[in-house]
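Colleague: To start, I am sharing the structure in question, which I have written as structure tokens.
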Amino acid sequence: MGYHESMNDDRPNEPPVARDGWYIACEARDLRDRPRATTLFGVPLVLFRGADGRPAALLDRCPHRNVPLSLGRCRNGELECGYHGWRFDGRGECTFVPGLAEQRASAGRRAPGHAACDSDGFVWIWGRPDSEPTAEPFRFPLLNERGYTTVRRPVDTEASLLDTAENALDVPHTAYLHGGLFRSASGPRNEVEVVIRRWADRVEAEYIGEPRPSGIAGRFLAPGGGTVVHLDRFVLPSVVQVEYQLGSVTHFCISAALTPLAERRTRMWAVISFRLPVPGALVKPVLEPLAMRIFGQDAAMLKEQSANLARFGGEDYKSTEADVLGPAVHRLLRRAASGENGDAGTPAGDPVVRRMRLLT
Amino acid sequence: MGYHESMNDDRPNEPPVARDGWYIACEARDLRDRPRATTLFGVPLVLFRGADGRPAALLDRCPHRNVPLSLGRCRNGELECGYHGWRFDGRGECTFVPGLAEQRASAGRRAPGHAACDSDGFVWIWGRPDSEPTAEPFRFPLLNERGYTTVRRPVDTEASLLDTAENALDVPHTAYLHGGLFRSASGPRNEVEVVIRRWADRVEAEYIGEPRPSGIAGRFLAPGGGTVVHLDRFVLPSVVQVEYQLGSVTHFCISAALTPLAERRTRMWAVISFRLPVPGALVKPVLEPLAMRIFGQDAAMLKEQSANLARFGGEDYKSTEADVLGPAVHRLLRRAASGENGDAGTPAGDPVVRRMRLLT
Amino acid sequence: MGYHESMNDDRPNEPPVARDGWYIACEARDLRDRPRATTLFGVPLVLFRGADGRPAALLDRCPHRNVPLSLGRCRNGELECGYHGWRFDGRGECTFVPGLAEQRASAGRRAPGHAACDSDGFVWIWGRPDSEPTAEPFRFPLLNERGYTTVRRPVDTEASLLDTAENALDVPHTAYLHGGLFRSASGPRNEVEVVIRRWADRVEAEYIGEPRPSGIAGRFLAPGGGTVVHLDRFVLPSVVQVEYQLGSVTHFCISAALTPLAERRTRMWAVISFRLPVPGALVKPVLEPLAMRIFGQDAAMLKEQSANLARFGGEDYKSTEADVLGPAVHRLLRRAASGENGDAGTPAGDPVVRRMRLLT
């Protein structure tokens with residue numbers, strides 16, 4: 001029992017986040033000919049599209065009198081401040097100062113920026129300002145895959161990226177917080193085997209031996225019978241994935257790229273792709289309200305958690321072996337936050353593997 | 001005049017409170033089969049009844065992921081967290097962690113608690129966490145006394161325990177803040193003698209020579225004539241008492257045990273017992289609105305006082321001899337807060353006595 | 001171009017203000033027989049009229065129990081606290097403590113105060129508490145001047161005195177923030193000459209070569225033709241002035257004495273005196289809505305600026321030569337705040353003069 005006792009976290013008050021990574025700022029279609037305000041790590045940013053149509057992200061503060069640039073307007077691929085009309089290009093260079101008889105450049109007039117790009121229908125920004133990305137954005141699986149239906153949905157929590165990710169990947173709370181919806185705290189429990197695999201940039205848990213849903217639901221989801229595959233995964237800097245496969249047809253893959261808007265405010269950009277024995281269009285009206293109800297319960301609890309952390313002046317978490325992924329996600333984020341690396345096999349290489357048993 | 005100049009208080013910003021003492025948490029009938037959230041000294045606590053029906057008070061923070069335990073539910077005399085289902089007994093020991101294949105105790109999973117008990121129809125908690133009470137709760141006098149009517153009423157102030165207690169025991173403000181209601185700032189003043197008696201844990205002022213109310217009120221309250229007895233009293237950690245006796249029948253005793261919910265938020269658990277020449281049931285409809293109006297004026301002024309203390313960054317009070325009990329209450333609380341004791345005779349022994357004159 | 005680069009301000013977080021100067025507290029007619037609460041530099045003050053009818057300003061905190069004195073009432077030229085009835089004269093001396101058998105003075109019971117006086121229909125208070133004024137209040141020009149109409153209007157900003165003053169005196173922003181209302185960002189630009197004159201206590205900019213409004217407006221405002229005179233001015237501690245003269249008749253003089261209610265909350269006491277070829281009563285219904293719309297746009301932007309300064313933890317302004325008066329106002333305020341003086345000619349002496357060109 002020494003292992004999970006040593007997992008007892010002595011977390012500092014600031015939740016860890018990785019600066020070197022891509023985060024979704026908005027859906028691509030929502031960034032057109034007007035500037036758009038957002039925040040990352042609590043820092044106000046302004047998004048706009050430059051002359052080439054590519055997204056740009058600058059600090060949302062005019063270097064002149066510090067008003068939000070997002071109050072201005074786009075003008076031929078440049079951003080014009082709404083107060084005195086200073087103009088900036090996509091790299092944040094000030095290209096025009098109204099009133100001046102002679103326009104001369106000045107380094108002091110530059111607005112710092114973040115690298116930005118379009119990918120999978122989202123605008124992504126690199127977390128560290130004024131620096132070159134060292135990776136590609138996460139690609140969502142199964143988009144446009146034949147036979148799959150995809151739903152996109154941004155959902156917000158008033159919680160840190162870490163607490164939000166841990167909640168999304170946690171199994172035991174489902175029997176309590178969502179009691180009756182898909183797991184139950186009473187009734188017979190199942191002992192399942194869990195295989196945990198850790199890489200340098202990710203961690204996953206595979207649950208082996210979970211029973212197929214009984215009754216009509218089971219026959220509906222897996223008419224041909226077969227096994228259940230259940231995988232939960234976290235990928236740096238901020239992607240959570242939950243995957244279910246029942247039999248040969250039914251397949252759910254829920255991916256969410258989490259954006260830390262502020263220390264305790266997170267936007268989950270959820271992309272849910274699924275394949276079922278019946279057409280997706282018939283299932284959506286049932287699945288969506290159920291998913292929204294579950295998420296609503298999670299969001300309410302995460303908000304209570306954040307409020308209590310504020311009341312008590314920070315976190316003091318105690319973990320057990322039943323916290324299958326949370327402490328590992330914490331370690332990945334803490335190391336990424338401090339710039340360290342390599343607690344396990346490389347992303348391409350073999351993972352560190354551990355097995356345990358859990359009652360579900 | 002050196003005395004009250006030396007009373008000029010150089011109060012630190014944190015109002016003093018005694019940790020070692022009993023405070024009312026709620027009425028006994030309001031704690032049944034659901035957990036109940038409250039605060040003491042600004043610290044969130046959860047109340048519930050253990051397997052034996054006795055009250056328990058724990059820190060309102062699950063040791064696991066720090067959510068409020070008060071969001072959970074009672075289950076066979078244990079408190080079950082609403083997030084992941086951890087369970088706690090009345091001493092705060094964690095008795096069950098869902099999901100774990102093997103249940104083993106761990107000291108780190110304990111929720112700190114306060115001693116709690118039922119007395120006089122209230123649930124009381126001991127102010128210092130994880131420690132043994134060294135005294136009994138205050139007992140309200142005249143409860144169930146033949147011929148007396150008793151009214152209980154919790155009332156809240158947005159002020160420190162000290163400012164609330166001083167207001168409740170202060171005489172001169174009644175002519176200004178409650179002008180016209182029971183004393184008047186204009187008209188002839190009466191010079192009365194005040195006897196102040198101090199013990200180690202309490203202080204009282206007896207006002208001698210106050211005139212009987214004139215006219216109909218006087219004949220109504222003291223039909224047989226006689227003297228007026230008026231006593232104001234403070235008892236550590238937080239009880240204020242105001243007692244009036246007119247003639248041989250009329251007797252009011254207002255006791256309030258003050259609970260410091262937070263630094264500047266106090267709940268007064270008032271218990272008013274009285275005996276009058278006419279049945280109490282006839283008098284209540286007149287007395288209650290009058291008492292509520294007076295209290296409303298006090299609460300409004302205490303809120304303004306707290307707001308001004310916040311604006312000015314703390315207290316800078318100047319006292320005179322007309323502040324009959326306030327400075328003494330302050331000293332009692334400050335000494336109790338710092339763990340000192342014994343500025344005057346013991347509770348059982350002879351008090352230190354001082355006499356003065358006051359215009360009322 | 002070295003000049004305006006050296007103007008790049010490294011402003012500390014607290015905006016500078018002059019303590020030694022007169023500030024308007026309220027209109028004279030609004031201070032009669034009731035006390036009136038206000039703030040200066042964020043400090044709560046209470047205004048009332050003493051026995052001689054002259055205004056008095058005290059710290060809005062009773063020395064006794066620190067409640068706002070403004071909750072009390074005026075009583076024969078003294079201010080009586082609404083809680084315990086302590087009374088104060090116009091110098092803040094405590095003259096009466098209810099309840100005391102013997103009234104004796106005590107220095108500790110004094111409420112600190114500010115010098116106050118009536119002038120030009122306003123109540124003014126000296127910025128430094130408990131000190132003698134070393135100057136006279138600013139006198140508004142053209143009041144009661146024959147042929148002039150005067151309008152008074154207090155307007156509030158959620159911005160520092162400095163940011164409010166700079167906004168009021170700034171020319172380039174008018175083409176952007178007020179685009180279309182009186183200057184335009186598109187269309188042909190005019191190059192004008194600017195003469196900047198600095199004295200020890202003030203700075204002014206004269207704009208030479210501005211074109212007369214074209215079309216009907218020009219014929220209306222200056223039917224006899226003639227030149228345009230445009231002067232912008234700042235006078236310590238807090239007066240901004242904008243003066244326009246078109247031809248021989250049309251003359252606008254807008255003076256505003258700014259009161260720093262708090263660090264980022266300023267009240268502009270605007271006094272607008274004007275003379276036009278047509279009666280003022282006919283022009284007011286047109287001018288007032290226009291002026292209010294322009295001011296509304298300024299106030300909204302100043303609020304956004306303050307909010308962004310709060311988000312980013314302070315100011316980081318970059319200036320150019322197009323910031324004609326802002327940096328000079330900043331220097332005057334900073335020197336006045338630190339008690340320095342004399343960066344240019346004396347008020348009575350010759351100014352330091354600089355010339356530049358600006359596109360408007």
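Ordering of the structure tokens sets the chain letters (A, B, ...), residue numbers begin anew at 1 in every chain, and ligands are numbered from 1 in the order given.
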Determine, for each residue of chain A having at least one atom at most 7 Å from an atom of chain C, the closest pair of atoms and their separation in Å to one decimal, counting only C-alpha atoms; order by chain and ascending number, as a tab-separated table.
Modeller:
residue	atom	partner	partner_atom	distance
A:Pro63	CA	C:Lys318	CA	5.8
A:His64	CA	C:Lys318	CA	4.7
A:Arg65	CA	C:Tyr317	CA	5.3
A:Asn66	CA	C:Gln305	CA	6.3
A:Val67	CA	C:Gln305	CA	4.5
A:Pro68	CA	C:Asn308	CA	6.6
A:Gly82	CA	C:Leu177	CA	6.1
A:Tyr83	CA	C:Leu177	CA	5.3
A:His84	CA	C:His173	CA	4.3
A:Gly85	CA	C:Tyr176	CA	6.0
A:Pro98	CA	C:Pro172	CA	6.7
A:Gly99	CA	C:Leu359	CA	4.4
A:Leu100	CA	C:Ala322	CA	5.6
A:Ala101	CA	C:Leu358	CA	5.8
A:Gly108	CA	C:Lys318	CA	6.9
A:Arg109	CA	C:Lys318	CA	6.6
Colleague: Counting only C-alpha atoms, which residues of stretch 229-304 of chain B fall within 7 Å of stretch 197-217 of chain B, and what is the closest atom pair for each with its distance in Å at one decimal, ordered by chain and rising number, as a Markdown table?
Modeller:
| residue | atom | partner | partner_atom | distance |
| --- | --- | --- | --- | --- |
| B:His230 | CA | B:Tyr207 | CA | 5.4 |
| B:Leu231 | CA | B:Glu206 | CA | 4.6 |
| B:Asp232 | CA | B:Ala205 | CA | 5.2 |
| B:Arg233 | CA | B:Glu204 | CA | 4.1 |
| B:Phe234 | CA | B:Arg202 | CA | 5.4 |
| B:Val235 | CA | B:Arg202 | CA | 4.3 |
| B:Leu236 | CA | B:Asp201 | CA | 5.4 |
Colleague: Store the residues picked out above, limited to C-alpha atoms, as a compact mmCIF listing (two decimals), in the first residue's frame.
Modeller:
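Result went into result.txt, see below:
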# COMPACT_ATOMS: atom_id res chain seq x y z
CA HIS B 230 -31.09 46.75 35.53
CA LEU B 231 -28.08 44.50 34.92
CA ASP B 232 -25.94 44.10 31.78
CA ARG B 233 -23.52 41.21 31.62
CA PHE B 234 -20.93 39.56 29.35
CA VAL B 235 -19.76 35.99 29.96
CA LEU B 236 -16.89 34.35 28.08
Colleague: Which residues are close to A:Ser255, i.e. within 7 Å by only C-alpha atoms, leaving aside same-chain residues fewer than 3 positions away? Reply as a list in words.
Modeller: Val239, Val240, Gln241, Val242, Ala270, Val271 and Ile272 of chain A
Colleague: Please extract the residues of stretch 3-131 of chain B with a backbone DSSP assignment of helix (DSSP H, G or I) and present them as an MDAnalysis selection string.
Modeller: chainID B and resid 3:6 28:30 69:71 107:109
Colleague: Fewer than 5 positions away in the same chain doesn't count, so skip those; otherwise give me all residues within 8 Å of A:Pro260, counting only C-alpha atoms, as an MDAnalysis selection string.
Modeller: chainID A and resid 17 40:42 160:161 265:267
Colleague: How would the residues just picked look written out with C-alpha atoms as a PDB file, in the first residue's frame?
Modeller:
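Contents of selection_17.pdb, as written:
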ATOM      1  CA  VAL A  17      -0.130  23.758 -16.787  1.00  0.00           C
ATOM      2  CA  LEU A  40      -5.155  31.875 -21.869  1.00  0.00           C
ATOM      3  CA  PHE A  41      -3.733  31.205 -18.394  1.00  0.00           C
ATOM      4  CA  GLY A  42      -5.787  34.251 -17.338  1.00  0.00           C
ATOM      5  CA  SER A 160      -8.394  24.086 -13.036  1.00  0.00           C
ATOM      6  CA  LEU A 161      -7.313  22.139 -16.096  1.00  0.00           C
ATOM      7  CA  ARG A 265     -11.609  28.325 -15.514  1.00  0.00           C
ATOM      8  CA  THR A 266     -11.315  25.707 -18.240  1.00  0.00           C
ATOM      9  CA  ARG A 267     -13.012  25.322 -21.597  1.00  0.00           C
TER      10      ARG A 267
END
Colleague: Do you know which residues are at most 8 Å from B:Ala56 counting only C-alpha atoms, after dropping those on the same chain fewer than 6 positions away, and could you put them as JSON, numbers by chain?
Modeller: {"B": [47, 48, 49, 50, 90, 91, 113, 114, 115, 116, 117]}
Colleague: Could you please take those selected residues and save C-alpha atoms as a JSON list (two decimals), in the first residue's frame?
Modeller:
[["chain", "number", "residue", "atom", "x", "y", "z"],
["B", 47, "LEU", "CA", -22.68, 19.10, 11.09],
["B", 48, "PHE", "CA", -24.41, 15.73, 11.18],
["B", 49, "ARG", "CA", -25.69, 13.20, 13.70],
["B", 50, "GLY", "CA", -23.61, 10.07, 14.26],
["B", 90, "GLY", "CA", -18.53, 11.19, 13.85],
["B", 91, "ARG", "CA", -14.84, 11.43, 14.84],
["B", 113, "GLY", "CA", -13.42, 17.79, 13.79],
["B", 114, "HIS", "CA", -14.79, 19.73, 16.72],
["B", 115, "ALA", "CA", -16.36, 18.34, 19.88],
["B", 116, "ALA", "CA", -20.15, 18.79, 19.70],
["B", 117, "CYS", "CA", -23.10, 18.29, 22.04]]
Colleague: Would you pick out the contacts of A:Gln245 at 6 Å or less, using only C-alpha atoms, so that residues sharing its chain but fewer than 4 positions from it are not included, and give the list as a ChimeraX atom specification?
Modeller: /A:228-229,250-251
Colleague: Restrict the selected residues to C-alpha atoms and save them as a PDB file, in the first residue's frame.
Modeller:
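What ended up in selection-v2.pdb:
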ATOM      1  CA  VAL A 228     -16.019  -4.542 -23.953  1.00  0.00           C
ATOM      2  CA  VAL A 229     -12.993  -2.332 -24.531  1.00  0.00           C
ATOM      3  CA  THR A 250     -20.530   0.112 -31.262  1.00  0.00           C
ATOM      4  CA  HIS A 251     -17.668   2.567 -30.771  1.00  0.00           C
TER       5      HIS A 251
END
Colleague: Give me, please, the distance in Å between atom CA of B:Ser131 and atom CA of A:Gly313, quoted to one decimal.
Modeller: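 Distance reported for this atom pair: 23.0 Å.
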Colleague: Could you tell me, as a VMD selection string, which residues of stretch 34-273 of chain C DSSP assigns to strand (DSSP E or B) when given the backbone?
Modeller: chain C and resid 36 to 40 43 to 49 55 to 59 73 to 75 78 to 80 87 to 88 94 to 96 100 113 to 114 116 to 119 122 to 126 149 to 157 191 to 199 202 to 208 228 to 235 239 to 246 250 to 262 265 to 273
Colleague: Between atom CA of C:Tyr23 and atom CA of C:Asp120, what distance in Å does the model show, to one decimal?
Modeller: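 Separation of atom CA of C:Tyr23 and atom CA of C:Asp120: 12.5 Å.
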Colleague: Compile the contact shell of A:Leu142 as number ranges by chain: residues with an atom at most 10 Å away, counting only C-alpha atoms, same-chain residues fewer than 6 positions apart removed.
Modeller: A: 148-150, 253, 271-275
Colleague: I'd like the interatomic distance between atom CA of A:Cys94 and atom CA of A:Val123, to a tenth of an Å.
Modeller: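 Going from atom CA of A:Cys94 over to atom CA of A:Val123 covers 23.3 Å.
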